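Here's target16.csv, which has CSV, C-alpha atoms:
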chain,number,residue,atom,x,y,z
A,26,MET,CA,42.1,140.8,112.8
A,27,ASN,CA,40.3,140.6,116.1
A,28,LEU,CA,42.6,139.5,118.9
A,29,LEU,CA,39.8,138.3,121.2
A,30,GLN,CA,38.1,136.3,118.4
A,31,ASP,CA,41.5,134.8,117.4
A,32,ILE,CA,42.2,133.7,121.0
A,33,LYS,CA,38.8,132.1,121.3
A,34,ASN,CA,39.3,130.2,118.1
A,35,LEU,CA,42.6,128.8,119.4
A,36,LEU,CA,40.9,127.1,122.4
A,37,PRO,CA,41.2,123.4,122.0
A,38,TYR,CA,37.7,122.7,123.5
A,39,LYS,CA,34.6,121.9,121.5
A,40,PRO,CA,30.9,121.6,122.5
A,41,PRO,CA,29.6,120.1,124.7
A,42,PHE,CA,32.7,121.0,126.6
A,43,LEU,CA,33.4,124.6,125.4
A,44,PHE,CA,32.4,127.1,128.1
A,45,VAL,CA,33.4,130.4,126.5
A,46,ASP,CA,30.9,132.5,124.5
A,47,GLU,CA,32.7,135.8,124.4
A,48,LEU,CA,36.0,137.1,125.5
A,49,LEU,CA,35.5,140.7,126.5
A,50,GLU,CA,38.9,141.9,127.6
A,51,ILE,CA,42.4,140.5,127.8
A,52,SER,CA,45.6,142.2,128.9
A,53,GLN,CA,48.9,141.3,130.6
A,54,ASN,CA,47.1,141.3,134.0
A,55,GLY,CA,44.1,139.2,133.2
A,56,ALA,CA,41.1,138.2,131.1
A,57,LYS,CA,37.3,138.7,131.2
A,58,GLY,CA,34.7,136.7,129.4
A,59,THR,CA,31.2,135.3,129.5
A,60,TYR,CA,29.3,132.0,129.1
A,61,THR,CA,25.5,131.4,129.1
A,62,PHE,CA,24.6,127.9,130.2
A,63,ARG,CA,22.2,126.3,127.6
A,64,LYS,CA,18.9,124.9,128.7
A,65,ASP,CA,19.9,121.5,127.3
A,66,GLU,CA,23.5,121.1,128.6
A,67,TYR,CA,24.2,117.4,128.8
A,68,PHE,CA,24.9,117.4,132.5
A,69,TYR,CA,21.6,118.8,133.6
A,70,GLN,CA,20.0,115.4,132.8
A,71,GLY,CA,21.7,113.9,135.8
A,72,HIS,CA,22.6,116.9,137.9
A,73,LEU,CA,20.0,116.8,139.2
A,74,PRO,CA,16.9,115.0,137.8
A,75,ASN,CA,14.0,117.5,137.7
A,76,ASN,CA,16.2,120.1,139.5
A,77,PRO,CA,18.9,121.3,137.1
A,78,ILE,CA,21.9,122.9,138.8
A,79,THR,CA,25.3,123.6,137.1
A,80,PRO,CA,27.8,121.3,138.8
A,81,GLY,CA,30.7,123.0,140.7
A,82,VAL,CA,33.2,121.2,138.5
A,83,ILE,CA,31.7,122.8,135.4
A,84,LEU,CA,31.8,126.2,137.0
A,85,ILE,CA,35.5,125.6,137.7
A,86,GLU,CA,36.0,124.5,134.1
A,87,THR,CA,34.3,127.6,132.9
A,88,MET,CA,36.6,129.8,135.1
A,89,ALA,CA,39.6,127.9,133.8
A,90,GLN,CA,38.7,128.1,130.1
A,91,ILE,CA,38.2,131.9,130.3
A,92,GLY,CA,40.4,133.0,133.1
A,93,LEU,CA,43.3,130.6,132.7
A,94,VAL,CA,43.6,129.1,129.3
A,95,SER,CA,42.3,132.0,127.1
A,96,PHE,CA,44.5,134.3,129.2
A,97,GLY,CA,47.5,132.0,128.9
A,98,MET,CA,47.1,131.8,125.1
A,99,PHE,CA,47.3,135.6,125.1
A,100,LEU,CA,50.4,135.7,127.4
A,101,ILE,CA,52.4,133.2,125.3
A,102,LYS,CA,51.2,135.0,122.1
A,103,ALA,CA,49.7,131.8,120.8
A,104,HIS,CA,47.7,133.9,118.2
A,105,GLU,CA,51.0,134.9,116.6
A,106,ASN,CA,52.5,131.4,116.7
A,107,PRO,CA,50.9,128.5,115.0
A,108,GLU,CA,52.7,125.8,117.0
A,109,PRO,CA,50.3,123.8,119.1
A,110,VAL,CA,50.3,124.3,122.9
A,111,ASN,CA,49.1,122.1,125.7
A,112,PHE,CA,47.6,123.4,128.8
A,113,VAL,CA,47.2,121.2,131.9
A,114,PHE,CA,45.2,122.1,134.9
A,115,SER,CA,47.3,121.7,137.9
A,116,SER,CA,45.3,122.9,140.9
A,117,SER,CA,42.2,124.8,142.0
A,118,GLU,CA,41.0,126.2,145.3
A,119,VAL,CA,37.5,127.5,144.8
A,120,GLU,CA,34.6,128.5,147.1
A,121,PHE,CA,31.0,128.5,145.8
A,122,LEU,CA,28.6,131.1,146.9
A,123,LYS,CA,25.5,130.9,144.5
A,124,MET,CA,23.9,128.3,142.4
A,125,VAL,CA,23.8,128.6,138.6
A,126,ARG,CA,20.7,127.4,136.8
A,127,PRO,CA,20.1,126.7,133.1
A,128,GLU,CA,20.1,129.8,130.8
A,129,GLU,CA,22.0,131.9,133.3
A,130,LYS,CA,24.8,134.0,132.0
A,131,VAL,CA,28.0,134.2,134.0
A,132,TRP,CA,31.0,136.6,133.8
A,133,VAL,CA,34.5,135.4,134.6
A,134,GLN,CA,37.3,137.7,135.5
A,135,SER,CA,40.8,136.6,136.2
A,136,GLU,CA,43.8,138.4,137.6
A,137,LYS,CA,47.3,137.1,137.3
A,138,VAL,CA,49.1,136.2,140.4
A,139,TYR,CA,52.2,135.0,138.5
A,140,PHE,CA,53.3,133.4,135.3
A,141,ARG,CA,56.7,131.8,135.8
A,142,PHE,CA,58.5,128.7,134.6
A,143,GLY,CA,55.5,127.7,132.5
A,144,LYS,CA,53.0,127.9,135.4
A,145,LEU,CA,50.2,130.4,135.3
A,146,LYS,CA,48.4,131.1,138.6
A,147,CYS,CA,45.4,133.4,138.7
A,148,LYS,CA,42.8,134.7,141.1
A,149,VAL,CA,39.5,134.1,139.4
A,150,ILE,CA,36.0,135.4,140.2
A,151,MET,CA,32.7,134.4,138.6
A,152,THR,CA,29.6,136.7,138.8
A,153,ASN,CA,26.0,136.4,137.7
A,154,SER,CA,23.7,138.9,135.9
A,155,LYS,CA,22.8,140.5,139.2
A,156,GLY,CA,26.4,141.2,139.9
A,157,GLU,CA,26.5,138.6,142.7
A,158,LYS,CA,29.6,136.5,143.2
A,159,VAL,CA,28.9,132.9,142.2
A,160,CYS,CA,32.4,131.5,143.0
A,161,LYS,CA,35.9,132.7,143.6
A,162,GLY,CA,39.3,131.2,144.1
A,163,HIS,CA,42.7,130.5,142.7
A,164,LEU,CA,43.4,128.3,139.7
A,165,SER,CA,46.7,127.2,138.3
A,166,GLY,CA,47.9,125.5,135.1
A,167,MET,CA,51.0,124.5,133.3
A,168,ILE,CA,51.8,125.4,129.7
A,169,LEU,CA,53.6,122.4,128.4
A,170,LYS,CA,56.1,124.0,126.1
A,171,HIS,CA,59.2,126.0,126.9
A,172,TYR,CA,58.2,129.6,126.5
A,173,LYS,CA,60.3,132.5,127.6
A,174,VAL,CA,58.3,135.4,128.9
B,25,MET,CA,76.0,130.0,154.2
B,26,THR,CA,77.4,126.4,154.3
B,27,GLN,CA,76.1,123.6,152.2
B,28,GLU,CA,74.6,122.0,155.3
B,29,GLN,CA,72.7,125.2,156.2
B,30,ILE,CA,71.4,125.5,152.7
B,31,THR,CA,70.2,121.9,152.7
B,32,GLU,CA,68.5,122.3,156.0
B,33,LYS,CA,66.7,125.5,154.9
B,34,LEU,CA,65.7,123.8,151.6
B,35,GLN,CA,64.1,121.0,153.5
B,36,THR,CA,61.9,123.3,155.5
B,37,ILE,CA,60.8,125.0,152.2
B,38,ILE,CA,60.0,121.6,150.6
B,39,ALA,CA,58.3,120.1,153.6
B,40,PRO,CA,54.8,121.8,153.2
B,41,TYR,CA,54.6,120.4,149.7
B,42,VAL,CA,55.1,116.8,150.7
B,43,GLU,CA,52.2,114.8,152.1
B,44,ASP,CA,54.0,111.7,152.9
B,45,LYS,CA,56.0,112.8,155.9
B,46,SER,CA,58.0,109.5,156.1
B,47,ALA,CA,59.4,110.4,152.6
B,48,LEU,CA,60.9,113.5,154.2
B,49,GLU,CA,62.8,111.6,156.8
B,50,GLY,CA,64.8,109.7,154.2
B,51,ILE,CA,65.6,112.8,152.2
B,52,ASN,CA,69.2,113.1,150.9
B,53,GLY,CA,71.1,114.8,148.1
B,54,GLU,CA,70.0,112.2,145.5
B,55,THR,CA,66.3,112.6,146.4
B,56,ASN,CA,64.4,113.5,143.3
B,57,LEU,CA,61.8,116.1,144.1
B,58,LEU,CA,59.2,115.0,141.5
B,59,ASN,CA,59.6,111.2,141.7
B,60,ASP,CA,60.6,110.5,145.2
B,61,LEU,CA,58.6,113.2,147.0
B,62,ASP,CA,55.5,113.1,144.8
B,63,ILE,CA,55.6,116.8,144.0
B,64,ASN,CA,54.0,117.7,140.7
B,65,SER,CA,55.8,120.1,138.3
B,66,ALA,CA,53.4,123.0,139.1
B,67,ASN,CA,54.2,122.7,142.8
B,68,LEU,CA,57.9,122.5,141.9
B,69,VAL,CA,57.5,126.0,140.4
B,70,ASP,CA,56.1,127.2,143.8
B,71,ILE,CA,59.0,125.7,145.6
B,72,ILE,CA,61.4,127.5,143.2
B,73,ILE,CA,59.6,130.8,143.9
B,74,ASP,CA,59.8,130.1,147.7
B,75,VAL,CA,63.5,129.4,147.3
B,76,GLU,CA,64.0,132.7,145.6
B,77,ASP,CA,62.3,134.5,148.4
B,78,ALA,CA,64.0,132.6,151.2
B,79,PHE,CA,67.5,133.1,149.8
B,80,ASP,CA,66.8,136.5,148.2
B,81,ILE,CA,68.0,135.3,144.8
B,82,GLU,CA,66.6,135.2,141.3
B,83,ILE,CA,66.5,131.8,139.5
B,84,ASP,CA,66.4,131.9,135.7
B,85,ASP,CA,64.6,129.3,133.5
B,86,ASP,CA,67.8,127.4,132.8
B,87,SER,CA,68.7,127.0,136.5
B,88,ALA,CA,65.2,126.1,137.4
B,89,GLU,CA,65.2,123.3,134.9
B,90,LYS,CA,68.3,121.8,136.5
B,91,MET,CA,66.6,121.7,140.0
B,92,LEU,CA,65.5,118.1,139.9
B,93,THR,CA,67.2,116.6,143.0
B,94,VAL,CA,68.0,118.1,146.4
B,95,LYS,CA,71.6,118.2,145.5
B,96,ASP,CA,70.8,120.1,142.2
B,97,ALA,CA,68.8,122.6,144.2
B,98,VAL,CA,71.6,123.2,146.7
B,99,GLU,CA,74.1,123.7,143.9
B,100,VAL,CA,71.9,126.3,142.2
B,101,VAL,CA,71.4,128.2,145.5
B,102,MET,CA,75.2,128.0,146.3
B,103,ALA,CA,76.1,129.4,142.9
B,104,LYS,CA,73.6,132.2,143.2
B,105,THR,CA,74.5,133.2,146.8
B,106,ALA,CA,78.3,132.8,146.3

Write the structure described by the file as structure tokens, please.
Amino acid sequence: MNLLQDIKNLLPYKPPFLFVDELLEISQNGAKGTYTFRKDEYFYQGHLPNNPITPGVILIETMAQIGLVSFGMFLIKAHENPEPVNFVFSSSEVEFLKMVRPEEKVWVQSEKVYFRFGKLKCKVIMTNSKGEKVCKGHLSGMILKHYKV
Amino acid sequence: MTQEQITEKLQTIIAPYVEDKSALEGINGETNLLNDLDINSANLVDIIIDVEDAFDIEIDDDSAEKMLTVKDAVEVVMAKTA
């Protein structure tokens, strides 16, 4: 009966495209979680050869899986309702400040801007183990089911 | 506020969400926001929230679902401001 574990288990993603290790906090205002990039993530082979750097799109995906989808699952109480839910990513506006290398751990914190008419918009920040901001921005997604909140 | 004034104000709210400015020129009551103006459903939510602020009204889920064309949107606003 662990809420955070239940929410994580509901995520539709699987490796090599699951970028959530732990959900640390979740409330009506936002969610917090972590992910550690493995040394052998598939994308490091090509991004970039002999110079592995986590692609910005993967950082955005990590922010979305923790800050938007996990949070959205909680908001619609998906853990209490077995019906399948579909999330679609609708927009992102993100600035990148630091590079993320293999085996680095990142923390994602989201803060709700609004959740109305099935659209969840959040302010999301990613930080590294030094507490430095890696990237920040706004992400939005639609929950494709008619939920009253 | 008259129907014309509401329509005009709606057009200024919608304009920033439309990239193809020529599509805006041909706008009329039958114009479908999603299909004719290439607005995605997530941006339609933002438009509805902007409409609430601009007219100082609250739009519920059922009314929001009806706002598909310009005419539908004008009708929702008229009903709420009446």

Residues of chain B within 10 Å of chain A, only C-alpha atoms counted, as an mmCIF file with C-alpha atoms, keeping the file's coordinate frame:
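Ended up saving to selection.cif:
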data_model
loop_
_atom_site.group_PDB
_atom_site.id
_atom_site.type_symbol
_atom_site.label_atom_id
_atom_site.label_comp_id
_atom_site.auth_asym_id
_atom_site.auth_seq_id
_atom_site.Cartn_x
_atom_site.Cartn_y
_atom_site.Cartn_z
ATOM 1 C CA ASN B 64 54.000 117.700 140.700
ATOM 2 C CA SER B 65 55.800 120.100 138.300
ATOM 3 C CA ALA B 66 53.400 123.000 139.100
ATOM 4 C CA ASN B 67 54.200 122.700 142.800
ATOM 5 C CA LEU B 68 57.900 122.500 141.900
ATOM 6 C CA VAL B 69 57.500 126.000 140.400
ATOM 7 C CA ASP B 70 56.100 127.200 143.800
ATOM 8 C CA ILE B 72 61.400 127.500 143.200
ATOM 9 C CA ILE B 73 59.600 130.800 143.900
ATOM 10 C CA ILE B 83 66.500 131.800 139.500
ATOM 11 C CA ASP B 84 66.400 131.900 135.700
ATOM 12 C CA ASP B 85 64.600 129.300 133.500
ATOM 13 C CA ASP B 86 67.800 127.400 132.800
ATOM 14 C CA ALA B 88 65.200 126.100 137.400
ATOM 15 C CA GLU B 89 65.200 123.300 134.900
#

Find the residues near Asp96 in chain B: any atom within 10 Å, counting only C-alpha atoms, skip ones fewer than 6 places away on the same chain, and give them as a PDB file with C-alpha atoms, keeping the file's coordinate frame.
ATOM      1  CA  GLY B  53      71.100 114.800 148.100  1.00  0.00           C
ATOM      2  CA  GLU B  54      70.000 112.200 145.500  1.00  0.00           C
ATOM      3  CA  THR B  55      66.300 112.600 146.400  1.00  0.00           C
ATOM      4  CA  ASN B  56      64.400 113.500 143.300  1.00  0.00           C
ATOM      5  CA  SER B  87      68.700 127.000 136.500  1.00  0.00           C
ATOM      6  CA  ALA B  88      65.200 126.100 137.400  1.00  0.00           C
ATOM      7  CA  GLU B  89      65.200 123.300 134.900  1.00  0.00           C
ATOM      8  CA  LYS B  90      68.300 121.800 136.500  1.00  0.00           C
ATOM      9  CA  MET B 102      75.200 128.000 146.300  1.00  0.00           C
TER      10      MET B 102
END

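As for CA of Glu118 in chain A and CA of Gly162 in chain A, they are spaced 5.4 Å apart.
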
Self-check item: Among listed residues A:Lys137, A:His72, A:Lys39, A:Lys57, nearest Met151 in chain A (using only C-alpha atoms)
Solution: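 Counting only C-alpha atoms, the residue closest to Met151 in chain A is A:Lys57.
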
Self-check item: Atom-to-atom span, CA of Asn111 in chain A and CA of Asn34 in chain A, Å
Solution: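 Those two atoms sit 14.8 Å apart.
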
Quiz item: What is the distance between CA of Thr152 in chain A and CA of Val133 in chain A, in Å to one decimal?
Solution: 6.6 Å

Box dimensions and centre (Å, one decimal) enclosing range 90-102 of chain A, axis-aligned, 5 Å extra per side, as JSON:
{"center_x": 45.3, "center_y": 131.9, "center_z": 127.6, "size_x": 24.2, "size_y": 17.6, "size_z": 21.0}

Quiz prompt | Exercise: range 61-63 of chain B partners within 9 Å, only C-alpha atoms, chain neighbours under 5 positions left out, as a list in words | solution =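 Counting only C-alpha atoms, the residues come to Tyr41, Val42, Glu43, Asp44, Ala47, Leu48, Ile51, Thr55, Asn56 and Leu68 of chain B.
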
Quiz item: Contacts of Gln29 in chain B at 12 Å or less, counting all atoms listed in the file, minus same-chain residues fewer than 6 places along, as a ChimeraX atom specification?
Solution: /B:35-36,79,98,101-102
